[in-house]
file model_37.tsv (TSV, C-alpha atoms)
chain	number	residue	atom	x	y	z
A	1	MET	CA	76.34	71.07	50.79
A	2	LYS	CA	76.27	70.85	47.00
A	3	ASP	CA	73.63	68.08	47.09
A	4	ALA	CA	71.52	70.09	49.52
A	5	SER	CA	71.58	73.11	47.22
A	6	LYS	CA	70.71	70.92	44.23
A	7	ASN	CA	67.74	69.46	46.10
A	8	ARG	CA	66.49	72.91	47.14
A	9	LYS	CA	66.77	74.11	43.54
A	10	ALA	CA	64.81	71.10	42.30
A	11	ALA	CA	62.14	71.64	44.96
A	12	LEU	CA	61.75	75.31	44.06
A	13	TYR	CA	61.61	74.54	40.35
A	14	SER	CA	58.87	71.97	40.92
A	15	ARG	CA	56.92	74.25	43.28
A	16	LEU	CA	56.97	77.24	40.92
A	17	LYS	CA	56.12	75.09	37.90
A	18	THR	CA	53.07	73.65	39.65
A	19	ALA	CA	51.99	77.03	41.05
A	20	ILE	CA	52.14	78.60	37.58
A	21	MET	CA	50.32	75.79	35.79
A	22	THR	CA	47.53	75.61	38.36
A	23	LEU	CA	47.07	79.41	38.50
A	24	GLU	CA	48.20	79.70	42.10
A	25	LEU	CA	50.57	82.21	40.51
A	26	ARG	CA	48.53	84.17	37.98
A	27	PRO	CA	49.75	85.11	34.49
A	28	GLY	CA	51.78	88.32	34.63
A	29	ALA	CA	52.34	88.15	38.41
A	30	ASP	CA	55.67	89.52	39.64
A	31	LEU	CA	57.90	87.08	41.51
A	32	ASP	CA	59.38	88.35	44.76
A	33	GLU	CA	62.94	87.04	44.49
A	34	ALA	CA	63.86	88.06	48.05
A	35	LYS	CA	60.89	86.11	49.40
A	36	LEU	CA	61.64	83.11	47.19
A	37	SER	CA	65.24	83.14	48.34
A	38	GLU	CA	64.19	83.16	51.99
A	39	GLU	CA	61.52	80.46	51.57
A	40	SER	CA	63.72	78.13	49.52
A	41	GLY	CA	66.96	78.65	51.41
A	42	LEU	CA	68.73	79.56	48.18
A	43	SER	CA	71.10	82.45	47.64
A	44	ARG	CA	70.64	84.79	44.69
A	45	THR	CA	72.85	82.87	42.24
A	46	PRO	CA	71.14	79.44	42.47
A	47	LEU	CA	67.76	81.16	42.63
A	48	ARG	CA	68.49	82.94	39.37
A	49	GLU	CA	69.58	79.63	37.86
A	50	VAL	CA	66.15	78.20	38.64
A	51	LEU	CA	64.42	81.26	37.20
A	52	ARG	CA	66.53	81.09	34.04
A	53	GLN	CA	65.55	77.46	33.58
A	54	LEU	CA	61.88	78.33	34.02
A	55	ALA	CA	62.25	81.23	31.60
A	56	GLY	CA	63.87	79.00	29.00
A	57	GLU	CA	60.89	76.64	29.23
A	58	GLY	CA	58.30	79.43	29.02
A	59	TYR	CA	57.03	79.58	32.60
A	60	VAL	CA	58.42	83.01	33.46
A	61	ASP	CA	59.78	86.12	31.77
A	62	LEU	CA	63.01	87.69	32.96
A	63	ARG	CA	63.04	91.48	32.58
A	64	GLU	CA	66.17	93.53	32.84
A	65	ASN	CA	66.21	95.63	36.03
A	66	ARG	CA	62.63	94.59	36.85
A	67	GLY	CA	62.97	90.98	37.93
A	68	ALA	CA	60.96	87.92	36.95
A	69	ARG	CA	57.26	87.55	36.36
A	70	VAL	CA	54.95	84.71	35.39
A	71	SER	CA	54.57	84.46	31.62
A	72	GLU	CA	51.49	86.32	30.46
A	73	MET	CA	48.50	85.09	28.51
A	74	SER	CA	47.49	87.80	26.09
A	75	HIS	CA	44.93	87.93	23.30
A	76	MET	CA	47.71	86.99	20.88
A	77	THR	CA	49.06	84.07	22.91
A	78	LEU	CA	45.56	82.63	23.26
A	79	ARG	CA	45.01	83.01	19.53
A	80	ASP	CA	48.29	81.28	18.79
A	81	PHE	CA	47.46	78.56	21.29
A	82	PHE	CA	44.17	77.66	19.62
A	83	LEU	CA	45.76	77.70	16.18
A	84	ALA	CA	48.78	75.58	17.07
A	85	ALA	CA	47.43	73.10	19.62
A	86	PRO	CA	45.67	70.59	17.32
A	87	MET	CA	48.59	70.49	14.88
A	88	ILE	CA	51.24	70.03	17.55
A	89	TYR	CA	49.26	67.45	19.52
A	90	GLY	CA	48.66	65.44	16.36
A	91	ALA	CA	52.33	65.45	15.35
A	92	VAL	CA	53.45	64.48	18.86
A	93	MET	CA	51.05	61.54	19.08
A	94	GLN	CA	52.02	60.19	15.67
A	95	LEU	CA	55.72	60.39	16.49
A	96	ALA	CA	55.08	58.82	19.89
A	97	ALA	CA	53.53	55.82	18.13
A	98	GLN	CA	56.70	55.55	16.04
A	99	HIS	CA	59.33	55.92	18.74
A	100	ALA	CA	57.91	54.91	22.15
A	101	THR	CA	60.05	52.51	24.16
A	102	PRO	CA	58.64	49.82	26.46
A	103	GLU	CA	59.89	51.80	29.46
A	104	GLN	CA	58.09	54.93	28.27
A	105	ILE	CA	54.88	53.01	27.67
A	106	SER	CA	55.06	51.68	31.23
A	107	ALA	CA	55.56	55.23	32.50
A	108	LEU	CA	52.56	56.39	30.45
A	109	LYS	CA	50.40	53.67	31.96
A	110	GLU	CA	51.48	54.71	35.46
A	111	ALA	CA	50.68	58.33	34.64
A	112	GLN	CA	47.23	57.26	33.49
A	113	GLU	CA	46.62	55.46	36.78
A	114	ASP	CA	47.62	58.65	38.60
A	115	PHE	CA	45.19	60.60	36.40
A	116	LYS	CA	42.36	58.20	37.19
A	117	SER	CA	43.12	58.48	40.90
A	118	ALA	CA	43.08	62.29	40.64
A	119	LEU	CA	39.70	62.16	38.92
A	120	ARG	CA	38.30	60.10	41.79
A	121	THR	CA	39.70	61.92	44.79
A	122	GLY	CA	41.97	64.77	43.68
A	123	THR	CA	41.51	68.51	43.39
A	124	SER	CA	41.24	70.36	40.09
A	125	ALA	CA	44.95	71.16	40.39
A	126	ASP	CA	45.76	67.47	40.97
A	127	ARG	CA	43.80	66.58	37.84
A	128	ALA	CA	45.44	69.23	35.72
A	129	MET	CA	48.94	68.21	36.79
A	130	ALA	CA	48.26	64.49	36.34
A	131	ASN	CA	46.95	65.17	32.85
A	132	ASN	CA	49.98	67.32	32.15
A	133	ARG	CA	52.35	64.53	33.18
A	134	PHE	CA	50.55	62.10	30.88
A	135	HIS	CA	51.11	64.39	27.94
A	136	GLU	CA	54.67	65.26	28.94
A	137	ILE	CA	55.52	61.59	28.53
A	138	THR	CA	54.02	61.49	25.03
A	139	GLY	CA	56.30	64.42	24.19
A	140	GLU	CA	59.28	62.47	25.48
A	141	MET	CA	58.18	59.54	23.34
A	142	ALA	CA	58.02	61.72	20.22
A	143	ASP	CA	61.77	62.39	20.64
A	144	ASN	CA	61.97	65.37	18.27
A	145	ILE	CA	64.30	68.24	19.17
A	146	TYR	CA	62.33	70.73	17.08
A	147	LEU	CA	58.85	69.77	18.18
A	148	LEU	CA	59.42	69.14	21.90
A	149	PRO	CA	60.10	72.77	22.99
A	150	SER	CA	56.92	73.93	21.25
A	151	PHE	CA	54.93	71.09	22.81
A	152	GLN	CA	56.27	71.82	26.29
A	153	ARG	CA	55.35	75.49	25.93
A	154	LEU	CA	51.90	74.51	24.73
A	155	LEU	CA	51.36	72.30	27.78
A	156	ILE	CA	51.95	75.24	30.12
A	157	ASP	CA	49.07	77.25	28.74
A	158	HIS	CA	46.89	74.21	28.18
A	159	ALA	CA	47.14	73.48	31.90
A	160	ARG	CA	46.44	77.11	32.81
A	161	ILE	CA	43.47	77.73	30.57
A	162	GLY	CA	42.27	74.16	31.01
A	163	MET	CA	41.81	74.49	34.77
A	164	THR	CA	38.11	75.11	34.07
A	165	PHE	CA	37.91	71.66	32.46
A	166	TYR	CA	39.01	70.10	35.74
A	167	ARG	CA	36.39	71.96	37.78
A	168	PRO	CA	33.24	70.34	36.35
A	169	GLN	CA	30.23	72.56	36.94
A	170	ASP	CA	27.56	70.33	35.47
A	171	ALA	CA	26.89	66.72	34.49
A	172	ARG	CA	28.12	67.20	30.95
A	173	MET	CA	31.51	68.50	32.09
A	174	ALA	CA	31.82	65.56	34.49
A	175	GLU	CA	31.06	63.18	31.62
A	176	ASN	CA	33.77	64.87	29.56
A	177	LEU	CA	36.30	64.10	32.28
A	178	ASP	CA	35.36	60.43	32.12
A	179	GLU	CA	35.67	60.56	28.34
A	180	ALA	CA	39.11	62.16	28.63
A	181	SER	CA	40.23	59.23	30.75
A	182	THR	CA	38.82	56.76	28.25
A	183	GLN	CA	40.67	58.54	25.46
A	184	HIS	CA	43.91	58.32	27.44
A	185	ASP	CA	43.47	54.54	27.52
A	186	ALA	CA	42.90	54.51	23.77
A	187	ILE	CA	45.99	56.68	23.20
A	188	ILE	CA	48.10	54.22	25.19
A	189	ALA	CA	46.75	51.32	23.12
A	190	ALA	CA	47.45	53.12	19.83
A	191	ILE	CA	50.99	54.03	20.86
A	192	GLU	CA	51.70	50.53	22.15
A	193	ALA	CA	50.46	49.11	18.83
A	194	GLY	CA	52.55	51.59	16.84
A	195	ASP	CA	49.40	52.81	15.07
A	196	GLU	CA	50.32	56.32	13.94
A	197	ALA	CA	46.99	57.02	12.20
A	198	ALA	CA	44.96	56.04	15.24
A	199	ALA	CA	47.21	58.04	17.55
A	200	GLY	CA	46.87	61.13	15.36
A	201	GLN	CA	43.08	60.83	15.22
A	202	LEU	CA	42.90	60.35	18.98
A	203	ALA	CA	44.95	63.51	19.45
A	204	THR	CA	42.33	65.40	17.45
A	205	ASP	CA	39.47	63.82	19.38
A	206	HIS	CA	41.17	64.54	22.70
A	207	TRP	CA	41.79	68.18	21.80
A	208	ASN	CA	38.19	68.66	20.65
A	209	LEU	CA	36.87	67.25	23.91
A	210	SER	CA	38.49	69.94	26.04
A	211	ARG	CA	38.38	72.73	23.46
A	212	ASP	CA	34.66	73.41	23.64
A	213	GLN	CA	34.73	73.87	27.41
A	214	ILE	CA	37.87	75.98	27.29
A	215	GLU	CA	36.33	78.27	24.65
A	216	LEU	CA	33.44	79.11	26.97
A	217	PHE	CA	35.87	80.82	29.33
A	218	VAL	CA	38.75	82.13	27.23
A	219	MET	CA	37.73	82.65	23.60
A	220	PRO	CA	39.24	86.01	22.66
A	221	ALA	CA	36.77	88.58	21.38
A	222	GLY	CA	36.91	88.86	17.64
A	223	LEU	CA	38.55	85.48	17.06
A	224	ASP	CA	36.01	84.20	14.58
A	225	LEU	CA	37.68	81.48	12.54
A	226	PRO	CA	37.78	77.68	12.49
A	227	LEU	CA	40.23	76.61	15.19
A	228	GLY	CA	43.24	74.77	13.86
A	229	THR	CA	43.48	76.83	10.66
A	230	VAL	CA	45.87	79.64	9.94
A	231	ALA	CA	44.40	83.11	9.55
A	232	ARG	CA	45.34	85.12	6.45
A	233	LYS	CA	47.66	88.02	7.13
A	234	THR	CA	46.39	89.96	4.11
A	235	PRO	CA	43.00	89.97	2.35
A	236	ALA	CA	42.51	87.35	-0.36

call {"tool": "encode", "arguments": {"input": "model_37.tsv", "output": "C-alpha cells"}}
result
Amino acid sequence: MKDASKNRKAALYSRLKTAIMTLELRPGADLDEAKLSEESGLSRTPLREVLRQLAGEGYVDLRENRGARVSEMSHMTLRDFFLAAPMIYGAVMQLAAQHATPEQISALKEAQEDFKSALRTGTSADRAMANNRFHEITGEMADNIYLLPSFQRLLIDHARIGMTFYRPQDARMAENLDEASTQHDAIIAAIEAGDEAAAGQLATDHWNLSRDQIELFVMPAGLDLPLGTVARKTPA
C-alpha cells in the first residue's frame, strides 16, 4: 500500500510538472485539488505533499484558504528572468565542466540523443521537455547548493516562455533548432574535456540563440536595456 501511494505521488508530480512547463496548465491557473485527488487516487494528505514539493521548487503557489495555483509569470518575473538567465547559465556550465562525473556525462549524452529524437519526430512539448532534461543534468553536474535552486527555478520559466522556440514557424527558426542541437554537442565536449572557459562561452551562445526568438513573443513593454545587465534602481 505504501509503495502504491509513493508511485501515485511520483506520477502526479511528474504529470503536473510537465503540464506546467509545457503550458498545458497556464500560469496563474487554479488547481482543482478535489479533481486531482480523484484522478490520481491520492487522499488529501499525500496530494498536499506533492503540491508542497512543487511549491518549494517554484511550479505552484500555495495560498492560505484559497488552494494552489500555477506560478504566475508577471512583468517583473519576466524582467528578472532575462536579467538572470545568462549569468546563471554561464555559472552552471563552468561548474559542470569542473565537477561532472563520468556517469553524469553519460546521462547528458543520453539526454542529447533524446533531444535529437524529439527534434525529428516529437511535438513542441516533447522538445521542450527533452531540452529541459539536458539542462537539468548540467545543473546536477554543477553541484552547488546555492546555485542549483535558482537554476531549477529558471528552467521552469525558460521551458514555459521557450515553447515558441520549439514551434518553428519559418525556416530560420527551424535552423535555430538544428543549431541548438549542435551547441548541445559542443557543450558535452567542453564539459567532458573540463574546459570551463569553453563551457561558459557556449552557455552564452546557447542563451543568445533562443533569446531573440523568445523576445519576439514575451518582451515586456518598457524593458529597454541590454539583457544580462542589472538595471539601476536610482538615477545615476

call {"tool": "closest_residue", "arguments": {"input": "model_37.tsv", "among": "A:Leu16, A:Ala85, A:Phe115, A:Gln183", "to": "Arg211 in chain A", "atoms": "all atoms listed in the file"}}
result
A:Ala85

call {"tool": "residues_around", "arguments": {"input": "model_37.tsv", "residues": "Asp195 in chain A", "least_positions_apart": "3", "cutoff": "6 Å", "atoms": "only C-alpha atoms", "output": "number ranges by chain"}}
result
A: 97, 190, 198

call {"tool": "write_last_selection", "arguments": {"input": "model_37.tsv", "atoms": "C-alpha atoms", "output": "PDB file, keeping the file's coordinate frame"}}
result
ATOM      1  CA  ALA A  97      53.530  55.820  18.130  1.00  0.00           C
ATOM      2  CA  ALA A 190      47.450  53.120  19.830  1.00  0.00           C
ATOM      3  CA  ALA A 198      44.960  56.040  15.240  1.00  0.00           C
TER       4      ALA A 198
END

call {"tool": "residues_around", "arguments": {"input": "model_37.tsv", "residues": "Ser5 in chain A", "least_positions_apart": "6", "cutoff": "9 Å", "atoms": "all atoms listed in the file", "output": "list in words"}}
result
Gly41, Leu42 and Pro46 of chain A

call {"tool": "closest_residue", "arguments": {"input": "model_37.tsv", "among": "A:Phe151, A:Gly200, A:Ala189, A:Gly162", "to": "Ala125 in chain A", "atoms": "only C-alpha atoms"}}
result
A:Gly162

call {"tool": "atom_distance", "arguments": {"input": "model_37.tsv", "atom1": "CA of Leu108 in chain A", "atom2": "CA of His184 in chain A"}}
result
9.4 Å

call {"tool": "axis_aligned_box", "arguments": {"input": "model_37.tsv", "around": "range 136-145 of chain A", "padding_each_side": "8 Å", "output": "AutoDock Vina command-line options"}}
result
--center_x 59.2 --center_y 63.9 --center_z 23.6 --size_x 26.3 --size_y 24.7 --size_z 26.7

call {"tool": "residues_around", "arguments": {"input": "model_37.tsv", "residues": "Asp61 in chain A", "least_positions_apart": "3", "cutoff": "9 Å", "atoms": "all atoms listed in the file", "output": "short mmCIF file (atom, residue, chain, number, x, y, z; two decimals) with C-alpha atoms, in the coordinates of the input"}}
result
data_model
loop_
_atom_site.label_atom_id
_atom_site.label_comp_id
_atom_site.auth_asym_id
_atom_site.auth_seq_id
_atom_site.Cartn_x
_atom_site.Cartn_y
_atom_site.Cartn_z
CA GLY A 28 51.78 88.32 34.63
CA LEU A 51 64.42 81.26 37.20
CA ARG A 52 66.53 81.09 34.04
CA LEU A 54 61.88 78.33 34.02
CA ALA A 55 62.25 81.23 31.60
CA GLY A 56 63.87 79.00 29.00
CA GLY A 58 58.30 79.43 29.02
CA GLY A 67 62.97 90.98 37.93
CA ALA A 68 60.96 87.92 36.95
CA ARG A 69 57.26 87.55 36.36
CA VAL A 70 54.95 84.71 35.39
CA SER A 71 54.57 84.46 31.62
CA GLU A 72 51.49 86.32 30.46
#

call {"tool": "atom_distance", "arguments": {"input": "model_37.tsv", "atom1": "CA of His99 in chain A", "atom2": "CA of Asp80 in chain A"}}
result
27.7 Å

call {"tool": "atom_distance", "arguments": {"input": "model_37.tsv", "atom1": "CA of Tyr146 in chain A", "atom2": "CA of Pro86 in chain A"}}
result
16.7 Å

call {"tool": "closest_residue", "arguments": {"input": "model_37.tsv", "among": "A:His206, A:Arg26, A:Arg66, A:Arg79", "to": "His135 in chain A", "atoms": "all atoms listed in the file"}}
result
A:His206

call {"tool": "residues_around", "arguments": {"input": "model_37.tsv", "residues": "Ala203 in chain A", "least_positions_apart": "4", "cutoff": "8 Å", "atoms": "only C-alpha atoms", "output": "compact mmCIF listing (two decimals) with C-alpha atoms, in the frame of the given file"}}
result
# COMPACT_ATOMS: atom_id res chain seq x y z
CA PRO A 86 45.67 70.59 17.32
CA TYR A 89 49.26 67.45 19.52
CA GLY A 90 48.66 65.44 16.36
CA MET A 93 51.05 61.54 19.08
CA ILE A 187 45.99 56.68 23.20
CA ALA A 199 47.21 58.04 17.55
CA TRP A 207 41.79 68.18 21.80

call {"tool": "closest_residue", "arguments": {"input": "model_37.tsv", "among": "A:Ser43, A:Ser181, A:Gln98, A:Asn7", "to": "Asn144 in chain A", "atoms": "only C-alpha atoms"}}
result
A:Gln98

call {"tool": "residues_near_point", "arguments": {"input": "model_37.tsv", "point": "(44.0, 67.8, 37.2)", "cutoff": "10 Å", "atoms": "all atoms listed in the file", "output": "list in words"}}
result
Thr22, Asp114, Phe115, Lys116, Ala118, Leu119, Gly122, Thr123, Ser124, Ala125, Asp126, Arg127, Ala128, Met129, Ala130, Asn131, Asn132, Arg133, Ala159, Gly162, Met163, Thr164, Phe165, Tyr166, Arg167 and Leu177 of chain A
